[in-house]
$ cat query-v6.txt   # compact mmCIF, C-alpha atoms
# COMPACT_ATOMS: atom_id res chain seq x y z
CA MET T 21 7.15 14.10 -1.37
CA GLU T 22 4.45 14.84 1.15
CA THR T 23 3.44 12.73 4.10
CA VAL T 24 0.72 11.73 6.67
CA ASN T 25 1.01 7.05 8.29
CA GLY T 26 2.00 3.66 10.01
CA GLY T 27 1.37 0.10 11.53
CA GLN T 28 3.42 -3.01 12.23
CA SER T 29 3.96 -6.41 10.71
CA THR T 30 6.44 -9.16 10.01
CA SER T 31 7.40 -10.97 6.83
CA SER T 32 7.41 -14.73 6.28
CA ASN T 33 8.46 -17.21 3.62
CA VAL T 34 11.23 -14.85 2.54
CA ARG T 35 13.27 -16.42 -0.25
CA LYS T 36 16.98 -16.74 0.47
CA SER T 37 19.27 -14.84 -1.88
CA LYS T 38 23.04 -15.07 -2.26
CA LYS T 39 23.45 -11.78 -0.45
CA PRO T 40 19.96 -10.74 0.68
CA LEU T 41 19.10 -7.07 0.95
CA GLN T 42 19.05 -5.88 4.54
CA VAL T 43 18.01 -2.51 5.91
CA SER T 44 21.38 -2.18 7.64
CA ASN T 45 23.33 -2.25 4.36
CA CYS T 46 20.94 -0.25 2.18
CA VAL T 47 21.44 3.36 1.10
CA TYR T 48 18.54 5.45 2.42
CA THR T 49 17.64 9.13 2.30
CA SER T 50 14.24 10.25 3.58
CA CYS T 51 11.93 11.68 0.88
CA TYR T 52 14.13 10.42 -1.99
CA CYS T 53 12.40 7.06 -2.50
CA GLU T 54 13.17 6.95 -6.24
CA GLU T 55 16.90 7.17 -5.53
CA ASN T 56 16.64 4.69 -2.65
CA VAL T 57 15.11 2.15 -5.03
CA TRP T 58 17.71 2.91 -7.73
CA LYS T 59 20.41 2.21 -5.14
CA LEU T 60 18.71 -1.06 -4.18
CA CYS T 61 18.70 -2.10 -7.84
CA ASP T 62 22.35 -1.12 -8.16
CA GLN T 63 23.22 -3.16 -5.08
CA ILE T 64 21.50 -6.21 -6.58
CA ARG T 65 23.33 -5.66 -9.86
CA LYS T 66 26.65 -5.72 -8.00
CA THR T 67 25.99 -8.54 -5.54
CA ASN T 68 23.40 -10.81 -7.22
CA PRO T 69 23.48 -9.91 -10.94
CA THR T 70 21.85 -13.17 -12.02
CA GLU T 71 18.77 -12.24 -9.97
CA LEU T 72 18.38 -8.69 -11.31
CA ASN T 73 15.73 -9.79 -13.81
CA GLU T 74 13.46 -10.72 -10.89
CA TYR T 75 13.22 -7.11 -9.68
CA TYR T 76 11.01 -4.17 -10.67
CA ALA T 77 10.92 -0.52 -9.64
CA VAL T 78 7.29 0.40 -9.07
CA PHE T 79 6.20 4.06 -9.05
CA ILE T 80 2.86 4.71 -7.34
CA SER T 81 1.00 7.92 -8.17
CA ASN T 82 -2.01 9.32 -10.04
CA LYS T 83 -2.96 12.40 -12.05
CA ASN T 84 -3.73 14.29 -8.82
CA HIS T 85 -0.39 13.37 -7.24
CA SER T 86 -2.24 12.26 -4.11
CA ILE T 87 -1.88 8.63 -3.14
CA PRO T 88 -2.52 7.23 0.36
CA LEU T 89 -0.35 4.49 1.83
CA TRP T 90 -0.52 2.90 5.24
CA MET T 91 2.21 1.37 7.43
CA GLN T 92 4.64 4.19 6.70
CA LYS T 93 7.34 5.43 9.06
CA GLN T 94 6.16 9.03 8.73
CA SER T 95 2.96 8.38 10.68
CA GLU T 96 2.50 8.15 14.41
CA ASP T 97 -0.87 6.44 13.96
CA PRO T 98 -1.03 3.07 12.14
CA LEU T 99 -4.68 3.74 11.26
CA THR T 100 -3.89 6.97 9.42
CA ALA T 101 -2.62 7.03 5.84
CA VAL T 102 0.37 8.93 4.57
CA VAL T 103 -0.65 10.89 1.49
CA TRP T 104 2.33 11.03 -0.87
CA ASP T 105 2.52 12.85 -4.18
CA TYR T 106 4.23 9.66 -5.33
CA HIS T 107 6.06 6.73 -3.81
CA VAL T 108 8.48 4.12 -5.16
CA ILE T 109 8.93 0.54 -4.02
CA LEU T 110 10.99 -2.41 -5.23
CA VAL T 111 9.15 -5.64 -6.06
CA GLN T 112 10.83 -9.01 -6.52
CA LYS T 113 9.05 -11.62 -8.61
CA PRO T 114 10.95 -14.93 -8.16
CA SER T 115 10.20 -17.61 -10.73
CA SER T 116 9.35 -20.22 -8.07
CA ASP T 117 8.05 -18.20 -5.13
CA LYS T 118 5.62 -15.43 -4.19
CA ALA T 119 6.41 -11.77 -4.89
CA LEU T 120 8.13 -9.63 -2.25
CA VAL T 121 8.16 -5.87 -1.58
CA TYR T 122 11.14 -3.83 -0.43
CA ASP T 123 10.01 -0.48 0.99
CA LEU T 124 12.52 1.43 3.10
CA ASP T 125 9.78 3.86 4.20
CA SER T 126 7.55 1.12 5.57
CA ILE T 127 7.42 -0.28 9.09
CA MET T 128 6.52 -3.69 7.69
CA GLY T 129 9.02 -6.47 7.08
CA PHE T 130 11.96 -5.98 4.72
CA PRO T 131 11.17 -7.70 2.48
CA CYS T 132 7.45 -8.07 2.95
CA PRO T 133 5.24 -10.54 1.05
CA LEU T 134 3.40 -8.59 -1.63
CA GLU T 135 -0.01 -9.93 -0.63
CA LEU T 136 0.53 -8.72 2.95
CA TYR T 137 1.76 -5.34 1.65
CA LEU T 138 -1.36 -5.09 -0.52
CA GLN T 139 -3.61 -5.90 2.44
CA GLN T 140 -2.00 -3.57 4.99
CA ALA T 141 0.00 -0.86 3.21
CA ILE T 142 -1.90 -0.30 -0.05
CA GLN T 143 -5.33 -1.53 1.04
CA SER T 144 -8.37 -1.11 -1.25
CA ASP T 145 -9.43 1.60 -3.70
CA ALA T 146 -13.06 0.71 -2.94
CA THR T 147 -13.06 2.77 0.25
CA LEU T 148 -11.25 5.77 -1.28
CA LYS T 149 -12.54 8.75 -3.21
CA LYS T 150 -11.74 8.42 -6.91
CA GLU T 151 -9.11 11.18 -6.76
CA TYR T 152 -7.05 8.97 -4.44
CA HIS T 153 -7.12 5.81 -6.55
CA ARG T 154 -3.59 4.58 -7.20
CA LYS T 155 -1.82 3.78 -10.47
CA PHE T 156 1.39 1.76 -10.71
CA ARG T 157 4.23 2.17 -13.23
CA ILE T 158 6.19 -1.11 -13.31
CA VAL T 159 9.74 -0.85 -14.67
CA PRO T 160 12.21 -3.77 -14.87
CA ALA T 161 15.19 -3.08 -12.62
CA ASP T 162 17.77 -3.31 -15.42
CA LYS T 163 15.84 -0.76 -17.48
CA PHE T 164 15.43 1.52 -14.46
CA LEU T 165 19.18 1.44 -13.83
CA GLU T 166 19.84 2.25 -17.47
CA VAL T 167 17.49 5.17 -18.06
CA PHE T 168 16.55 6.85 -14.76
CA ALA T 169 17.98 10.31 -14.04
CA SER T 170 17.27 12.96 -11.43
CA ASP T 171 18.96 16.31 -10.85
CA ARG T 172 16.84 16.71 -7.67
CA SER T 173 15.36 19.99 -8.91
CA HIS T 174 11.91 18.80 -7.77
CA MET T 175 13.16 19.08 -4.19
CA LEU T 176 14.29 22.71 -4.46
CA LYS T 177 12.46 25.70 -3.02
CA ALA T 178 12.19 28.95 -5.00
CA ASN T 179 15.23 30.28 -3.14
CA GLY T 180 17.33 27.28 -4.18
CA GLU T 181 17.31 25.54 -0.79
CA TYR T 182 16.32 21.89 -0.53
CA ILE T 183 12.93 21.00 0.93
CA GLN T 184 14.62 17.95 2.48
CA PRO T 185 18.39 17.31 2.70
CA PRO T 186 19.58 15.48 -0.44
CA PRO T 187 21.62 12.25 -0.50
CA ASN T 188 25.35 12.65 0.10
CA TYR T 189 26.28 11.14 -3.27
CA PRO T 190 26.09 12.85 -6.71
CA PRO T 191 22.76 13.00 -8.58
CA ILE T 192 21.92 9.93 -10.66
CA ARG T 193 22.35 10.43 -14.39
CA SER T 194 21.85 8.20 -17.41
CA SER T 195 23.97 8.26 -20.54
CA THR T 196 21.54 10.69 -22.18
CA GLU T 197 19.49 12.36 -19.42
CA LEU T 198 19.98 14.62 -16.41
CA MET T 199 16.34 14.64 -15.31
CA ASN T 200 13.43 12.42 -16.35
CA LEU T 201 11.74 11.76 -13.00
CA ASP T 202 8.45 13.24 -14.22
CA ASP T 203 8.22 10.55 -16.92
CA PHE T 204 8.27 7.87 -14.21
CA ILE T 205 5.80 9.68 -11.95
CA SER T 206 3.40 10.22 -14.85
CA MET T 207 0.77 7.52 -15.07
CA ALA T 208 0.08 8.21 -18.75
CA PRO T 209 0.69 4.85 -20.50
CA LYS T 210 2.33 6.43 -23.56
CA ILE T 211 4.90 8.35 -21.49
CA GLY T 212 8.07 6.85 -20.05
CA ASP T 213 9.26 3.28 -19.60
CA GLY T 214 7.56 0.22 -18.22
CA VAL T 215 3.84 -0.52 -18.05
CA VAL T 216 1.11 1.32 -16.14
CA LYS T 217 -1.53 -0.67 -14.23
CA ASP T 218 -4.42 0.03 -11.90
CA LEU T 219 -4.46 -1.67 -8.50
CA GLN T 220 -6.06 -4.86 -9.82
CA GLY T 221 -3.64 -5.03 -12.73
CA PHE T 222 -0.65 -4.38 -10.49
CA ALA T 223 -1.57 -7.22 -8.15
CA GLU T 224 -2.24 -9.63 -11.02
CA TYR T 225 1.03 -8.70 -12.74
CA PHE T 226 2.87 -10.16 -9.76
CA GLY T 227 0.49 -13.05 -9.14
CA ALA T 228 -1.18 -11.53 -6.07
CA ARG T 229 -4.64 -10.39 -5.08
CA PRO T 230 -5.62 -6.85 -4.02
CA LYS T 231 -7.69 -6.25 -0.92
CA PRO T 232 -11.43 -6.40 -1.80

$ encode --input "query-v6.txt" --output "structure tokens"
Amino acid sequence: METVNGGQSTSSNVRKSKKPLQVSNCVYTSCYCEENVWKLCDQIRKTNPTELNEYYAVFISNKNHSIPLWMQKQSEDPLTAVVWDYHVILVQKPSSDKALVYDLDSIMGFPCPLELYLQQAIQSDATLKKEYHRKFRIVPADKFLEVFASDRSHMLKANGEYIQPPPNYPPIRSSTELMNLDDFISMAPKIGDGVVKDLQGFAEYFGARPKP
């Protein structure tokens, strides 16, 4: 991933879970957001399995692999966006409450109400050049756990060294794949699992409203 952003906020109306996710007990490795979210899903599967169907891994990217996000830890200036090639967040859609976002790279609340995340972290496409407009691949957490695989080759330099230090656990593999990360990053609707939405469609999928 590439970076450039930041800001500050708090979350409210956070729904109580049997064993709620907390930053202090989450597995986190900088620049490996896809694995961080996989680990979050795995933690939910182990601690709150009956709630797993409320969660979705959401890949954010576009055909240019240039997507701005605000309120990110990698920025010293909250008014400056981080431009990632892609980013991955976890969204919870409770049946009787508003959607929540879990983003371990954000300085906002954990979790953060989706509408607040849309307003402050994603913001609007209307003020962005078209090449920076975001797409969202939404994958149910149980499906993500089943099929995702990464051998981390995308983080290797030509000389075989890692661009950023990898997680200290083995690469994630599925029963049939060693590496399919590109299928998740792709925003082509006919490739990979889940559904692909634009910003408006993403917000509506989870019952929220994007920033005008």

$ residues_around --input "query-v6.txt" --residues "segment 58-66 of chain T" --least-positions-apart "4" --cutoff "9 Å" --atoms "all atoms listed in the file" --output "NGL selection string"
:T and (39-41 or 46-48 or 53-54 or 70-72 or 75-77 or 110 or 122 or 161-162 or 164-165 or 168 or 192)

$ residues_around --input "query-v6.txt" --residues "Val43 of chain T" --least-positions-apart "6" --cutoff "10 Å" --atoms "all atoms listed in the file" --output "number ranges by chain"
T: 122-124, 129-131

$ closest_residue --input "query-v6.txt" --among "T:Met91, T:Leu136, T:Tyr189, T:Lys83" --to "Asp202 of chain T" --atoms "all atoms listed in the file"
T:Lys83

$ closest_residue --input "query-v6.txt" --among "T:Phe226, T:Ser144, T:Tyr52, T:Val102" --to "Ser170 of chain T" --atoms "only C-alpha atoms"
T:Tyr52

$ atom_distance --input "query-v6.txt" --atom1 "atom CA of Val78 of chain T" --atom2 "atom CA of Ile158 of chain T"
4.6 Å
